[in-house]
file final_4.cif (mmCIF, C-alpha atoms and all ligand atoms)
data_model
#
loop_
_atom_site.label_atom_id
_atom_site.label_comp_id
_atom_site.auth_asym_id
_atom_site.auth_seq_id
_atom_site.Cartn_x
_atom_site.Cartn_y
_atom_site.Cartn_z
CA MET A 1 84.39 35.99 148.73
CA LYS A 2 85.06 39.03 150.82
CA LEU A 3 88.62 39.38 152.01
CA LEU A 4 90.31 41.59 154.53
CA VAL A 5 94.01 42.45 154.49
CA VAL A 6 95.48 44.05 157.59
CA GLY A 7 98.34 46.46 156.81
CA GLY A 8 99.11 49.32 154.48
CA GLY A 9 102.50 49.10 152.77
CA GLY A 10 104.01 47.87 149.51
CA ARG A 11 103.93 44.30 150.78
CA GLU A 12 100.19 44.50 151.38
CA HIS A 13 99.71 46.04 147.93
CA ALA A 14 101.54 43.08 146.37
CA ILE A 15 99.45 40.61 148.39
CA ILE A 16 96.21 42.34 147.36
CA LYS A 17 97.09 42.46 143.65
CA LYS A 18 97.85 38.75 143.74
CA LEU A 19 94.71 37.85 145.69
CA LYS A 20 92.63 39.72 143.11
CA GLU A 21 93.67 37.22 140.44
CA ASN A 22 91.27 34.71 142.03
CA LYS A 23 87.88 34.89 140.29
CA ASN A 24 85.99 34.13 143.51
CA VAL A 25 87.24 37.29 145.17
CA GLU A 26 84.46 39.88 145.08
CA GLU A 27 85.85 42.51 147.38
CA ILE A 28 89.04 43.21 149.33
CA PHE A 29 89.18 45.59 152.28
CA ALA A 30 92.57 46.97 153.34
CA LEU A 31 92.96 48.16 156.95
CA PRO A 32 94.25 50.82 156.72
CA GLY A 33 95.70 50.41 153.18
CA ASN A 34 97.01 53.60 151.55
CA GLY A 35 96.26 55.97 148.67
CA GLY A 36 97.83 53.63 146.12
CA ILE A 37 96.26 50.47 147.48
CA ALA A 38 92.93 52.29 147.08
CA MET A 39 93.16 51.55 143.32
CA ASP A 40 92.90 47.83 144.11
CA ALA A 41 90.98 47.53 147.38
CA VAL A 42 88.57 49.40 149.61
CA CYS A 43 90.71 51.16 152.21
CA VAL A 44 89.23 51.59 155.67
CA ASN A 45 90.85 53.92 158.13
CA ILE A 46 91.46 51.46 160.96
CA SER A 47 95.01 51.12 162.24
CA ALA A 48 96.69 47.73 161.77
CA THR A 49 97.21 47.48 165.53
CA ASN A 50 93.65 48.37 166.58
CA ILE A 51 92.57 44.78 167.05
CA PRO A 52 89.11 45.39 168.58
CA GLU A 53 88.14 47.61 165.63
CA ILE A 54 89.58 45.19 163.08
CA VAL A 55 87.53 42.37 164.57
CA GLU A 56 84.39 44.50 164.73
CA PHE A 57 84.84 45.51 161.09
CA ALA A 58 85.40 41.91 159.99
CA VAL A 59 82.30 40.67 161.79
CA ASN A 60 80.07 43.51 160.58
CA ASN A 61 81.18 43.06 156.99
CA ASN A 62 80.91 39.25 156.85
CA ILE A 63 84.55 38.78 155.97
CA ASP A 64 85.24 35.25 154.66
CA TYR A 65 89.00 35.26 155.01
CA ALA A 66 91.55 37.61 156.55
CA VAL A 67 95.26 38.06 155.86
CA VAL A 68 97.19 39.67 158.69
CA ALA A 69 100.41 40.89 157.08
CA PRO A 70 102.48 43.05 159.51
CA ASP A 71 104.42 41.86 162.57
CA ASP A 72 102.80 44.01 165.27
CA PRO A 73 99.18 42.86 164.88
CA LEU A 74 100.38 39.25 164.65
CA VAL A 75 102.42 39.58 167.84
CA LEU A 76 99.46 41.32 169.49
CA GLY A 77 97.11 38.41 168.71
CA CYS A 78 95.08 39.71 165.76
CA VAL A 79 94.72 36.19 164.30
CA ASP A 80 93.61 34.80 167.67
CA ALA A 81 90.97 37.53 168.00
CA LEU A 82 89.61 37.07 164.45
CA GLU A 83 89.53 33.28 164.73
CA GLU A 84 87.63 33.53 167.99
CA LYS A 85 84.87 35.12 165.95
CA GLY A 86 85.04 32.31 163.42
CA ILE A 87 86.95 34.23 160.73
CA PRO A 88 89.66 32.06 159.13
CA CYS A 89 93.00 33.82 158.82
CA PHE A 90 96.36 33.66 157.13
CA GLY A 91 99.02 34.24 159.77
CA PRO A 92 100.30 32.76 163.01
CA LYS A 93 98.65 33.11 166.39
CA ALA A 94 100.41 35.26 168.99
CA ASN A 95 102.01 32.27 170.71
CA ALA A 96 103.78 31.42 167.42
CA ALA A 97 104.40 35.01 166.24
CA ILE A 98 106.73 35.27 169.23
CA ILE A 99 109.35 33.70 166.95
CA GLU A 100 109.75 37.24 165.59
CA GLY A 101 108.38 39.13 168.60
CA SER A 102 111.16 38.00 170.94
CA LYS A 103 114.73 37.46 169.84
CA VAL A 104 115.48 35.86 173.21
CA PHE A 105 112.73 33.32 172.48
CA SER A 106 113.98 32.57 168.97
CA LYS A 107 117.63 32.29 169.98
CA ASN A 108 116.76 29.94 172.86
CA LEU A 109 114.56 27.90 170.51
CA MET A 110 117.43 27.48 168.06
CA LYS A 111 119.85 26.52 170.82
CA LYS A 112 117.43 23.99 172.33
CA TYR A 113 116.70 22.29 169.00
CA GLY A 114 120.18 22.53 167.44
CA ILE A 115 119.24 24.92 164.63
CA PRO A 116 122.37 26.67 163.28
CA THR A 117 122.63 30.32 164.34
CA ALA A 118 125.21 32.76 165.72
CA GLN A 119 126.56 32.07 169.25
CA TYR A 120 124.94 34.40 171.77
CA GLU A 121 124.35 35.50 175.34
CA VAL A 122 121.16 37.02 176.79
CA PHE A 123 121.23 39.88 179.30
CA SER A 124 118.57 41.52 181.43
CA ASP A 125 121.13 43.38 183.56
CA MET A 126 123.03 46.22 181.93
CA LYS A 127 126.08 45.95 184.15
CA LYS A 128 126.51 42.27 183.29
CA ALA A 129 126.16 43.07 179.58
CA LEU A 130 128.82 45.79 179.84
CA ASP A 131 131.17 43.48 181.78
CA TYR A 132 130.71 40.79 179.15
CA LEU A 133 131.65 43.28 176.44
CA GLU A 134 135.05 43.91 178.10
CA THR A 135 136.28 40.62 176.63
CA ALA A 136 133.72 39.69 173.95
CA PRO A 137 135.03 39.17 170.41
CA ILE A 138 134.69 42.31 168.26
CA PRO A 139 132.87 43.06 165.93
CA THR A 140 129.79 42.00 167.82
CA VAL A 141 126.05 42.31 167.30
CA ILE A 142 123.63 43.81 169.84
CA LYS A 143 119.93 43.05 169.43
CA ALA A 144 116.95 44.37 171.37
CA ASP A 145 114.68 41.50 172.36
CA GLY A 146 111.39 42.90 171.10
CA LEU A 147 110.06 44.53 167.93
CA ALA A 148 111.87 47.77 167.07
CA LEU A 149 110.72 48.69 163.56
CA GLY A 150 113.70 46.82 162.14
CA LYS A 151 116.10 49.18 163.95
CA GLY A 152 116.89 47.09 167.03
CA VAL A 153 120.04 45.48 165.61
CA ILE A 154 123.40 47.21 166.00
CA ILE A 155 126.54 45.84 164.37
CA ALA A 156 129.28 47.20 166.61
CA MET A 157 132.71 47.43 165.02
CA THR A 158 134.39 48.57 168.25
CA ARG A 159 134.00 47.81 171.96
CA GLU A 160 132.96 51.42 172.58
CA GLU A 161 130.17 51.24 169.97
CA ALA A 162 128.94 47.99 171.49
CA LYS A 163 128.79 49.51 174.98
CA GLN A 164 127.04 52.59 173.63
CA ALA A 165 124.39 50.41 171.98
CA VAL A 166 123.79 48.51 175.21
CA ILE A 167 123.42 51.76 177.17
CA GLU A 168 121.00 53.20 174.60
CA MET A 169 118.84 50.08 174.65
CA MET A 170 118.91 49.21 178.35
CA GLN A 171 119.35 52.56 180.12
CA ASP A 172 118.02 55.19 177.69
CA LYS A 173 115.21 52.85 176.55
CA LYS A 174 115.67 53.81 172.90
CA PHE A 175 113.30 51.02 171.89
CA GLY A 176 111.12 51.16 175.00
CA LYS A 177 110.42 47.80 176.63
CA SER A 178 111.87 46.01 173.58
CA GLY A 179 115.31 46.73 175.11
CA ASP A 180 114.60 45.35 178.60
CA ASN A 181 116.36 42.19 177.51
CA ILE A 182 119.09 42.09 174.89
CA VAL A 183 120.98 39.50 172.91
CA ILE A 184 124.70 39.94 172.25
CA GLU A 185 125.77 37.65 169.46
CA GLU A 186 128.63 36.53 167.31
CA PHE A 187 129.25 38.57 164.16
CA LEU A 188 128.81 36.36 161.11
CA THR A 189 129.84 37.01 157.53
CA GLY A 190 128.62 35.72 154.19
CA PRO A 191 125.92 36.42 151.63
CA GLU A 192 122.44 36.98 153.03
CA VAL A 193 119.39 35.23 151.64
CA SER A 194 115.73 35.73 152.46
CA VAL A 195 113.57 32.63 152.20
CA LEU A 196 109.86 33.13 152.79
CA SER A 197 107.92 29.92 153.24
CA PHE A 198 104.34 28.78 153.51
CA THR A 199 103.74 26.42 156.40
CA ASP A 200 100.64 24.83 157.90
CA GLY A 201 102.63 23.51 160.85
CA LYS A 202 103.33 20.19 159.13
CA THR A 203 104.59 20.91 155.64
CA VAL A 204 107.03 23.69 154.72
CA VAL A 205 106.92 25.04 151.18
CA PRO A 206 109.74 27.52 150.61
CA MET A 207 108.98 30.27 148.15
CA ILE A 208 111.54 31.45 145.65
CA SER A 209 114.60 32.90 147.40
CA SER A 210 115.35 36.62 147.34
CA MET A 211 117.94 39.24 148.22
CA ASP A 212 117.09 42.41 150.10
CA HIS A 213 119.14 45.64 149.96
CA LYS A 214 118.81 47.07 153.45
CA ARG A 215 121.20 50.04 153.40
CA ALA A 216 120.05 53.42 152.18
CA GLY A 217 122.99 54.08 149.84
CA ASN A 218 124.63 52.50 146.83
CA ASN A 219 127.21 49.75 147.51
CA ASP A 220 125.51 48.98 150.83
CA THR A 221 126.51 52.23 152.49
CA GLY A 222 124.51 54.51 154.78
CA LEU A 223 121.84 53.72 157.33
CA ASN A 224 119.76 50.57 157.59
CA THR A 225 116.29 50.96 156.09
CA GLY A 226 113.21 48.79 155.77
CA GLY A 227 114.65 47.70 152.40
CA MET A 228 115.55 49.67 149.25
CA GLY A 229 115.02 46.92 146.71
CA THR A 230 115.02 43.19 146.11
CA VAL A 231 115.78 40.59 143.48
CA ALA A 232 114.58 37.02 143.15
CA PRO A 233 115.84 34.38 142.91
CA ASN A 234 118.99 34.91 144.98
CA PRO A 235 121.92 33.47 142.96
CA TYR A 236 123.84 32.47 146.10
CA TYR A 237 121.01 30.13 147.11
CA THR A 238 121.83 26.97 145.17
CA LYS A 239 119.80 23.77 145.10
CA GLU A 240 122.33 22.11 147.46
CA ILE A 241 122.03 24.94 149.97
CA ALA A 242 118.24 24.82 149.70
CA ASP A 243 118.26 21.10 150.50
CA GLU A 244 120.56 21.65 153.46
CA CYS A 245 118.33 24.47 154.76
CA MET A 246 115.23 22.30 154.51
CA LYS A 247 116.92 19.54 156.51
CA LYS A 248 118.80 21.59 159.10
CA ILE A 249 116.69 24.74 159.44
CA PHE A 250 113.17 24.82 157.94
CA LEU A 251 111.72 21.50 159.09
CA PRO A 252 113.52 21.57 162.47
CA THR A 253 112.07 25.04 163.13
CA VAL A 254 108.50 24.02 162.35
CA ASN A 255 108.92 20.84 164.41
CA ALA A 256 110.45 22.81 167.28
CA MET A 257 107.48 25.17 167.34
CA ASN A 258 105.13 22.17 167.44
CA ALA A 259 107.11 20.61 170.27
CA GLU A 260 106.78 23.86 172.21
CA GLY A 261 102.99 23.85 171.70
CA ARG A 262 103.28 26.87 169.41
CA THR A 263 102.31 25.52 165.98
CA PHE A 264 103.19 28.10 163.33
CA LYS A 265 100.81 28.61 160.41
CA GLY A 266 101.27 31.29 157.79
CA CYS A 267 104.39 32.75 156.22
CA LEU A 268 107.56 31.92 158.11
CA TYR A 269 110.46 34.04 156.90
CA PHE A 270 113.99 32.75 157.29
CA GLY A 271 116.68 35.44 157.19
CA LEU A 272 119.79 33.39 156.47
CA MET A 273 123.50 34.02 156.23
CA LEU A 274 125.53 31.60 154.13
CA THR A 275 128.66 31.36 156.27
CA GLU A 276 131.77 29.28 155.63
CA LYS A 277 130.38 26.84 158.17
CA GLY A 278 127.06 26.51 156.38
CA PRO A 279 123.78 28.42 156.39
CA LYS A 280 122.79 30.02 159.71
CA VAL A 281 119.65 31.80 160.83
CA ILE A 282 120.10 35.55 161.32
CA GLU A 283 116.45 36.16 162.09
CA TYR A 284 112.98 34.73 161.81
CA ASN A 285 110.02 36.85 160.78
CA CYS A 286 106.47 35.70 161.37
CA ARG A 287 105.22 37.25 158.12
CA PHE A 288 105.97 38.13 154.51
CA GLY A 289 109.02 40.38 154.13
CA ASP A 290 108.86 43.86 152.69
CA PRO A 291 110.09 44.38 149.94
CA GLU A 292 110.78 40.64 149.37
CA THR A 293 107.06 40.06 148.77
CA GLN A 294 107.15 42.53 145.87
CA VAL A 295 109.48 40.19 143.94
CA VAL A 296 108.37 36.81 145.30
CA LEU A 297 104.60 37.00 144.76
CA PRO A 298 104.78 38.29 141.17
CA LEU A 299 106.72 35.08 140.38
CA LEU A 300 104.10 32.85 142.03
CA GLU A 301 102.20 31.01 139.31
CA SER A 302 99.74 29.25 141.62
CA ASP A 303 96.68 30.94 143.04
CA LEU A 304 97.68 32.79 146.22
CA LEU A 305 94.31 32.56 147.95
CA THR A 306 94.19 28.79 147.42
CA VAL A 307 97.68 28.38 148.89
CA MET A 308 96.84 30.61 151.83
CA GLN A 309 93.66 28.69 152.56
CA ALA A 310 95.56 25.38 152.40
CA THR A 311 97.99 26.83 154.93
CA THR A 312 95.11 27.69 157.24
CA ASN A 313 93.34 24.34 156.73
CA GLY A 314 96.43 22.17 157.17
CA THR A 315 96.30 20.81 153.60
CA LEU A 316 99.44 22.43 152.22
CA ALA A 317 100.97 19.03 151.33
CA GLU A 318 98.26 18.55 148.70
CA CYS A 319 98.46 22.08 147.31
CA ASP A 320 100.25 23.03 144.13
CA VAL A 321 102.74 25.85 144.74
CA THR A 322 104.70 26.74 141.63
CA PHE A 323 107.01 29.62 140.88
CA SER A 324 108.08 30.96 137.53
CA GLU A 325 111.70 30.39 136.53
CA LYS A 326 112.06 34.02 135.57
CA ASN A 327 113.84 36.78 137.48
CA ALA A 328 112.28 39.71 139.30
CA CYS A 329 113.71 43.02 140.45
CA CYS A 330 111.97 45.59 142.66
CA VAL A 331 113.42 49.08 143.03
CA ILE A 332 112.09 51.13 145.93
CA MET A 333 111.53 54.84 145.41
CA ALA A 334 111.75 56.68 148.72
CA SER A 335 111.51 60.26 149.90
CA LYS A 336 114.87 62.06 150.05
CA GLY A 337 116.10 61.90 153.66
CA TYR A 338 114.61 58.49 154.46
CA PRO A 339 115.19 56.69 156.85
CA GLU A 340 115.71 59.90 158.83
CA SER A 341 113.57 63.00 158.26
CA TYR A 342 111.85 63.68 154.95
CA ASP A 343 109.05 65.79 153.49
CA LYS A 344 105.69 64.41 152.38
CA GLY A 345 102.75 65.57 150.33
CA PHE A 346 104.28 65.69 146.82
CA GLU A 347 102.12 64.73 143.88
CA MET A 348 103.00 61.36 142.34
CA ILE A 349 102.61 60.58 138.66
CA ILE A 350 102.54 56.86 137.83
CA PRO A 351 101.81 56.22 134.14
CA GLN A 352 98.81 53.93 133.64
CA SER A 353 100.88 51.66 131.38
CA ILE A 354 103.07 50.53 134.29
CA SER A 355 100.70 50.83 137.25
CA ASP A 356 100.15 47.06 137.40
CA ASN A 357 103.82 46.69 138.30
CA VAL A 358 103.88 49.36 140.98
CA TYR A 359 103.31 48.58 144.66
CA VAL A 360 102.56 51.68 146.66
CA ALA A 361 103.96 51.86 150.18
CA GLY A 362 103.31 55.41 151.38
CA ALA A 363 100.71 57.59 149.66
CA LYS A 364 97.42 59.33 150.31
CA ILE A 365 94.73 60.76 148.08
CA GLU A 366 93.85 64.43 148.53
CA ASN A 367 91.54 66.34 146.18
CA GLY A 368 91.78 63.48 143.72
CA LYS A 369 95.57 63.60 143.62
CA LEU A 370 97.95 60.88 144.78
CA LEU A 371 100.46 62.41 147.19
CA THR A 372 103.57 60.94 148.84
CA ASN A 373 102.95 60.06 152.47
CA GLY A 374 105.89 58.09 153.79
CA GLY A 375 109.60 57.34 153.73
CA ARG A 376 109.33 54.46 151.34
CA VAL A 377 106.86 55.61 148.70
CA LEU A 378 106.58 52.77 146.21
CA GLY A 379 108.32 49.85 144.55
CA ALA A 380 108.46 49.11 140.84
CA THR A 381 108.81 45.43 140.00
CA ALA A 382 109.86 44.00 136.65
CA ILE A 383 109.97 40.37 135.60
CA ALA A 384 112.20 39.09 132.80
CA ASP A 385 114.00 36.01 131.57
CA THR A 386 117.33 37.29 132.84
CA LEU A 387 118.22 39.23 135.96
CA GLN A 388 119.92 41.92 133.85
CA ASP A 389 116.71 42.50 131.87
CA ALA A 390 114.62 42.57 135.04
CA ILE A 391 116.94 45.20 136.54
CA ASP A 392 116.96 47.33 133.37
CA SER A 393 113.23 47.15 133.05
CA ALA A 394 112.60 48.03 136.74
CA TYR A 395 114.84 51.08 136.37
CA SER A 396 113.14 52.20 133.19
CA MET A 397 109.82 52.13 135.07
CA VAL A 398 111.35 54.14 137.88
CA GLU A 399 112.39 56.77 135.33
CA GLU A 400 108.79 57.10 134.19
CA ILE A 401 107.49 57.73 137.72
CA THR A 402 107.80 61.22 139.06
CA PHE A 403 107.45 62.95 142.40
CA GLU A 404 109.48 65.69 144.01
CA ASN A 405 112.36 64.59 146.28
CA ALA A 406 112.33 61.04 144.91
CA TYR A 407 115.36 58.98 145.95
CA TYR A 408 116.37 55.47 144.97
CA ARG A 409 119.49 53.34 144.89
CA ASN A 410 121.09 52.84 141.47
CA ASP A 411 122.58 49.44 142.17
CA ILE A 412 119.70 47.14 143.09
CA GLY A 413 120.62 43.69 141.80
CA ALA A 414 124.25 44.56 141.06
CA LYS A 415 125.59 42.23 143.73
CA ALA A 416 123.36 39.41 142.51
CA LEU A 417 124.55 39.93 138.94
CA LYS A 418 128.15 39.71 140.07
CA ALA A 419 127.45 36.56 142.09
CA GLY A 420 125.85 34.92 139.09
CA LYS A 421 129.07 35.50 137.11
CA GLU A 422 131.50 34.25 139.78
P1 LIG A 501 117.68 41.84 161.53
O1 LIG A 501 116.90 43.06 161.92
O2 LIG A 501 117.72 40.78 162.56
O3 LIG A 501 117.31 41.39 160.14
O4 LIG A 501 119.17 42.32 161.34
C1 LIG A 501 119.45 43.35 160.44
C2 LIG A 501 120.71 43.04 159.69
O5 LIG A 501 121.81 42.99 160.59
C3 LIG A 501 120.71 41.69 159.01
O6 LIG A 501 120.11 41.69 157.76
C4 LIG A 501 122.20 41.42 158.89
O7 LIG A 501 122.73 42.13 157.78
C5 LIG A 501 122.76 42.05 160.12
N1 LIG A 501 122.99 41.04 161.17
C6 LIG A 501 122.12 40.57 162.09
N2 LIG A 501 122.69 39.64 162.87
C7 LIG A 501 123.97 39.52 162.44
C8 LIG A 501 125.08 38.70 162.84
N3 LIG A 501 125.00 37.86 163.87
N4 LIG A 501 126.24 38.84 162.17
C9 LIG A 501 126.35 39.71 161.14
N5 LIG A 501 125.33 40.50 160.71
C10 LIG A 501 124.16 40.40 161.35
N1 LIG A 502 112.90 43.01 154.33
C1 LIG A 502 113.08 42.54 155.64
C2 LIG A 502 111.86 42.43 156.45
O1 LIG A 502 110.75 42.47 155.96
O2 LIG A 502 111.99 42.30 157.67
#

call {"tool": "encode", "arguments": {"input": "final_4.cif", "output": "C-alpha cells"}}
result
Amino acid sequence: MKLLVVGGGGREHAIIKKLKENKNVEEIFALPGNGGIAMDAVCVNISATNIPEIVEFAVNNNIDYAVVAPDDPLVLGCVDALEEKGIPCFGPKANAAIIEGSKVFSKNLMKKYGIPTAQYEVFSDMKKALDYLETAPIPTVIKADGLALGKGVIIAMTREEAKQAVIEMMQDKKFGKSGDNIVIEEFLTGPEVSVLSFTDGKTVVPMISSMDHKRAGNNDTGLNTGGMGTVAPNPYYTKEIADECMKKIFLPTVNAMNAEGRTFKGCLYFGLMLTEKGPKVIEYNCRFGDPETQVVLPLLESDLLTVMQATTNGTLAECDVTFSEKNACCVIMASKGYPESYDKGFEMIIPQSISDNVYVAGAKIENGKLLTNGGRVLGATAIADTLQDAIDSAYSMVEEITFENAYYRNDIGAKALKAGKE
C-alpha cells in the first residue's frame, strides 16, 4: 500500500514510524514532512494547508490511504477533498473538525447535550464583553473562537488582564478572524488529562491516557508552548474516572455530533480537567495531540493502520486495540528562546543507536547534514516498566543528542511521579 501523511512535526513522525510496522505498507509520503521524517518517509514539499496540491499529489501517485494529522487542513476540508477523489482517509470531515475549529461551536454543543464543561458566555461585541468583565468572577479564561496555534487561550488572574486580552483579540485582531467571537469562561482547577480516542462515529475506543507539559519552564512556569514533554499513562486518570468519562463525556460527544449531522471519524482528543465536581472538558481537538502521540502510539500494541482503516470503515467495534501496560516518557528538545524568538540551522547529532526512539519535529537536511529548523526540534521517547525508569531513560537519550542552543525541561514526568505516590 501507498500511504500519505499530511503534516510535518513530531506527531507525524510518530504516526509514520508506527504505520511502517505494517508489512503491507510499501511507501509513505509525508507532505511536507521534515528533515528527520525523511529517514522514514518520502518528504514532498507541499504545505499541509495546500489542499488542491495535496489532492493532486494523492491522485497522481495512486495513494491508497491518507492520514490527515494537523488541525488546519482538517478544518479546511482536506479529508472531504481527498474522499471526493475516492481516497479513503483517517480524520474527520470539515463539518466535524469544527469541534476544534470553533470554540463557540464546541461550548454550545456541550451545553446543548449536557456534557460537563466550564460555565461560559459568548461575545461578538467587544463592549459587551468588557461590561461583562466588570463583575465576572476572577480568575477568568478568555478564548478566541477559532484556531490560534494553541495561543488563543488567556488565563487572566486580574480584571485588567482579562480586559487586555479581550481588547487584543477583538480590537487589535491578534489572532485575526479567530478573535471575531470570543468565549469567556469559568476558571477551573484540577489535574489535566489528555485522552485521545479512536472513533468511527459509533464506537469510541480511548487510547491510553497521557499528561502534557505545556509551559516552557520547569515547575510549570514561563510561557505556554505546543508542549515540552509528555508521559503516559496519566496516574490521575483512574479506572473509575475513565468509566465516568466514557458515560458522561466520550459517548455523549460522539452521539451529539451524530445528532447534529456532523459524524466524527478519526482521532477525537479530549482535553479534560479533573475538578472536585468531576471531570470536565477543557477542549476538544479533532486530531492526535502533539506531543501526546509520541508517548501514546509507542505503547500501542495493535497495528495502527488496521485500527485507522476500521475507523474509516465504521468497523471499530470489531477491531482489536490493545495498549502495553508499560510507561512512556517523551522529553522535547527545543531551540533556546522557544516559544518566542530562536535561532535555527544548527547541526544535530542523533546517535544511530537511539534514532528509533526519536521523533523529529523541526529539522531540514542541507548538504547531507541534519540541521535544526524550528522551535520544537525533536522528542525522545523511552518506554519502561516503571514511570521512573521511562523518565531516566528518556533523559539519558536527551544527553546523547547534541545541537547548539538546545533547551529542554528537566522535570518532565515529575508531577506524575508525585501523583503516583500520593
Ligand atoms: P487549550 O488551548 O484550550 O488547551 O487551553 C490551554 C490551557 O489553558 C489548558 O491546557 C488549560 O491548562 C488552560 N485552560 C483552558 N481552559 C481553562 C479553564 N476553563 N480553567 C482553567 N484552565 C483552563
Ligand atoms: N498537546 C496539545 C495539543 O496537541 O493540542

call {"tool": "closest_residue", "arguments": {"input": "final_4.cif", "among": "A:Leu304, A:Met397, A:Val59, A:Ala363", "to": "A:Asn22", "atoms": "only C-alpha atoms"}}
result
A:Leu304

call {"tool": "residues_near_ligand", "arguments": {"input": "final_4.cif", "ligand": "ligand LIG 501 (chain A)", "cutoff": "10 Å", "atoms": "all atoms listed in the file", "output": "PyMOL selection string"}}
result
chain A and resi 100+103+117-120+139-144+147-156+184-194+212-215+224-227+270-273+275+280-285

call {"tool": "write_last_selection", "arguments": {"input": "final_4.cif", "atoms": "C-alpha atoms", "output": "CSV table (one decimal), in the frame of the given file"}}
result
chain,number,residue,atom,x,y,z
A,100,GLU,CA,109.8,37.2,165.6
A,103,LYS,CA,114.7,37.5,169.8
A,117,THR,CA,122.6,30.3,164.3
A,118,ALA,CA,125.2,32.8,165.7
A,119,GLN,CA,126.6,32.1,169.2
A,120,TYR,CA,124.9,34.4,171.8
A,139,PRO,CA,132.9,43.1,165.9
A,140,THR,CA,129.8,42.0,167.8
A,141,VAL,CA,126.0,42.3,167.3
A,142,ILE,CA,123.6,43.8,169.8
A,143,LYS,CA,119.9,43.0,169.4
A,144,ALA,CA,117.0,44.4,171.4
A,147,LEU,CA,110.1,44.5,167.9
A,148,ALA,CA,111.9,47.8,167.1
A,149,LEU,CA,110.7,48.7,163.6
A,150,GLY,CA,113.7,46.8,162.1
A,151,LYS,CA,116.1,49.2,164.0
A,152,GLY,CA,116.9,47.1,167.0
A,153,VAL,CA,120.0,45.5,165.6
A,154,ILE,CA,123.4,47.2,166.0
A,155,ILE,CA,126.5,45.8,164.4
A,156,ALA,CA,129.3,47.2,166.6
A,184,ILE,CA,124.7,39.9,172.2
A,185,GLU,CA,125.8,37.6,169.5
A,186,GLU,CA,128.6,36.5,167.3
A,187,PHE,CA,129.2,38.6,164.2
A,188,LEU,CA,128.8,36.4,161.1
A,189,THR,CA,129.8,37.0,157.5
A,190,GLY,CA,128.6,35.7,154.2
A,191,PRO,CA,125.9,36.4,151.6
A,192,GLU,CA,122.4,37.0,153.0
A,193,VAL,CA,119.4,35.2,151.6
A,194,SER,CA,115.7,35.7,152.5
A,212,ASP,CA,117.1,42.4,150.1
A,213,HIS,CA,119.1,45.6,150.0
A,214,LYS,CA,118.8,47.1,153.4
A,215,ARG,CA,121.2,50.0,153.4
A,224,ASN,CA,119.8,50.6,157.6
A,225,THR,CA,116.3,51.0,156.1
A,226,GLY,CA,113.2,48.8,155.8
A,227,GLY,CA,114.6,47.7,152.4
A,270,PHE,CA,114.0,32.8,157.3
A,271,GLY,CA,116.7,35.4,157.2
A,272,LEU,CA,119.8,33.4,156.5
A,273,MET,CA,123.5,34.0,156.2
A,275,THR,CA,128.7,31.4,156.3
A,280,LYS,CA,122.8,30.0,159.7
A,281,VAL,CA,119.6,31.8,160.8
A,282,ILE,CA,120.1,35.6,161.3
A,283,GLU,CA,116.4,36.2,162.1
A,284,TYR,CA,113.0,34.7,161.8
A,285,ASN,CA,110.0,36.8,160.8

call {"tool": "closest_residue", "arguments": {"input": "final_4.cif", "among": "A:Thr158, A:Thr293, A:Asn327, A:Asn234", "to": "ligand LIG 502 (chain A)", "atoms": "all atoms listed in the file"}}
result
A:Thr293

call {"tool": "atom_distance", "arguments": {"input": "final_4.cif", "atom1": "atom CA of A:Pro206", "atom2": "atom CA of A:Gly86"}}
result
28.2 Å

call {"tool": "residues_near_point", "arguments": {"input": "final_4.cif", "point": "(100.9, 20.8, 150.2)", "cutoff": "12 Å", "atoms": "only C-alpha atoms", "output": "JSON, numbers by chain"}}
result
{"A": [197, 198, 199, 200, 201, 202, 203, 204, 205, 206, 306, 307, 308, 309, 310, 311, 312, 313, 314, 315, 316, 317, 318, 319, 320, 321, 322]}

call {"tool": "closest_residue", "arguments": {"input": "final_4.cif", "among": "A:Tyr269, A:Phe90, A:Tyr237, A:Phe264", "to": "ligand LIG 502 (chain A)", "atoms": "all atoms listed in the file"}}
result
A:Tyr269

call {"tool": "residues_around", "arguments": {"input": "final_4.cif", "residues": "A:Val104", "least_positions_apart": "4", "cutoff": "9 Å", "atoms": "only C-alpha atoms", "output": "short mmCIF file (atom, residue, chain, number, x, y, z; two decimals) with C-alpha atoms, in the coordinates of the input"}}
result
data_model
loop_
_atom_site.label_atom_id
_atom_site.label_comp_id
_atom_site.auth_asym_id
_atom_site.auth_seq_id
_atom_site.Cartn_x
_atom_site.Cartn_y
_atom_site.Cartn_z
CA ASN A 108 116.76 29.94 172.86
CA LEU A 109 114.56 27.90 170.51
CA VAL A 122 121.16 37.02 176.79
CA ALA A 144 116.95 44.37 171.37
CA ASP A 145 114.68 41.50 172.36
CA GLY A 146 111.39 42.90 171.10
CA ASN A 181 116.36 42.19 177.51
CA ILE A 182 119.09 42.09 174.89
CA VAL A 183 120.98 39.50 172.91
#

call {"tool": "residues_around", "arguments": {"input": "final_4.cif", "residues": "A:Thr263", "least_positions_apart": "5", "cutoff": "7 Å", "atoms": "all atoms listed in the file", "output": "short mmCIF file (atom, residue, chain, number, x, y, z; two decimals) with C-alpha atoms, in the frame of the given file"}}
result
data_model
loop_
_atom_site.label_atom_id
_atom_site.label_comp_id
_atom_site.auth_asym_id
_atom_site.auth_seq_id
_atom_site.Cartn_x
_atom_site.Cartn_y
_atom_site.Cartn_z
CA ALA A 96 103.78 31.42 167.42
CA GLY A 201 102.63 23.51 160.85
CA MET A 257 107.48 25.17 167.34
CA ASN A 258 105.13 22.17 167.44
#

call {"tool": "residues_around", "arguments": {"input": "final_4.cif", "residues": "A:Ala382", "least_positions_apart": "2", "cutoff": "9 Å", "atoms": "only C-alpha atoms", "output": "list in words"}}
result
Val295, Pro298, Asn327, Ala328, Cys329, Cys330, Val331, Asn357, Ala380, Ala384, Asp389, Ala390, Ile391, Asp392, Ser393, Ala394, Tyr395 and Met397 of chain A
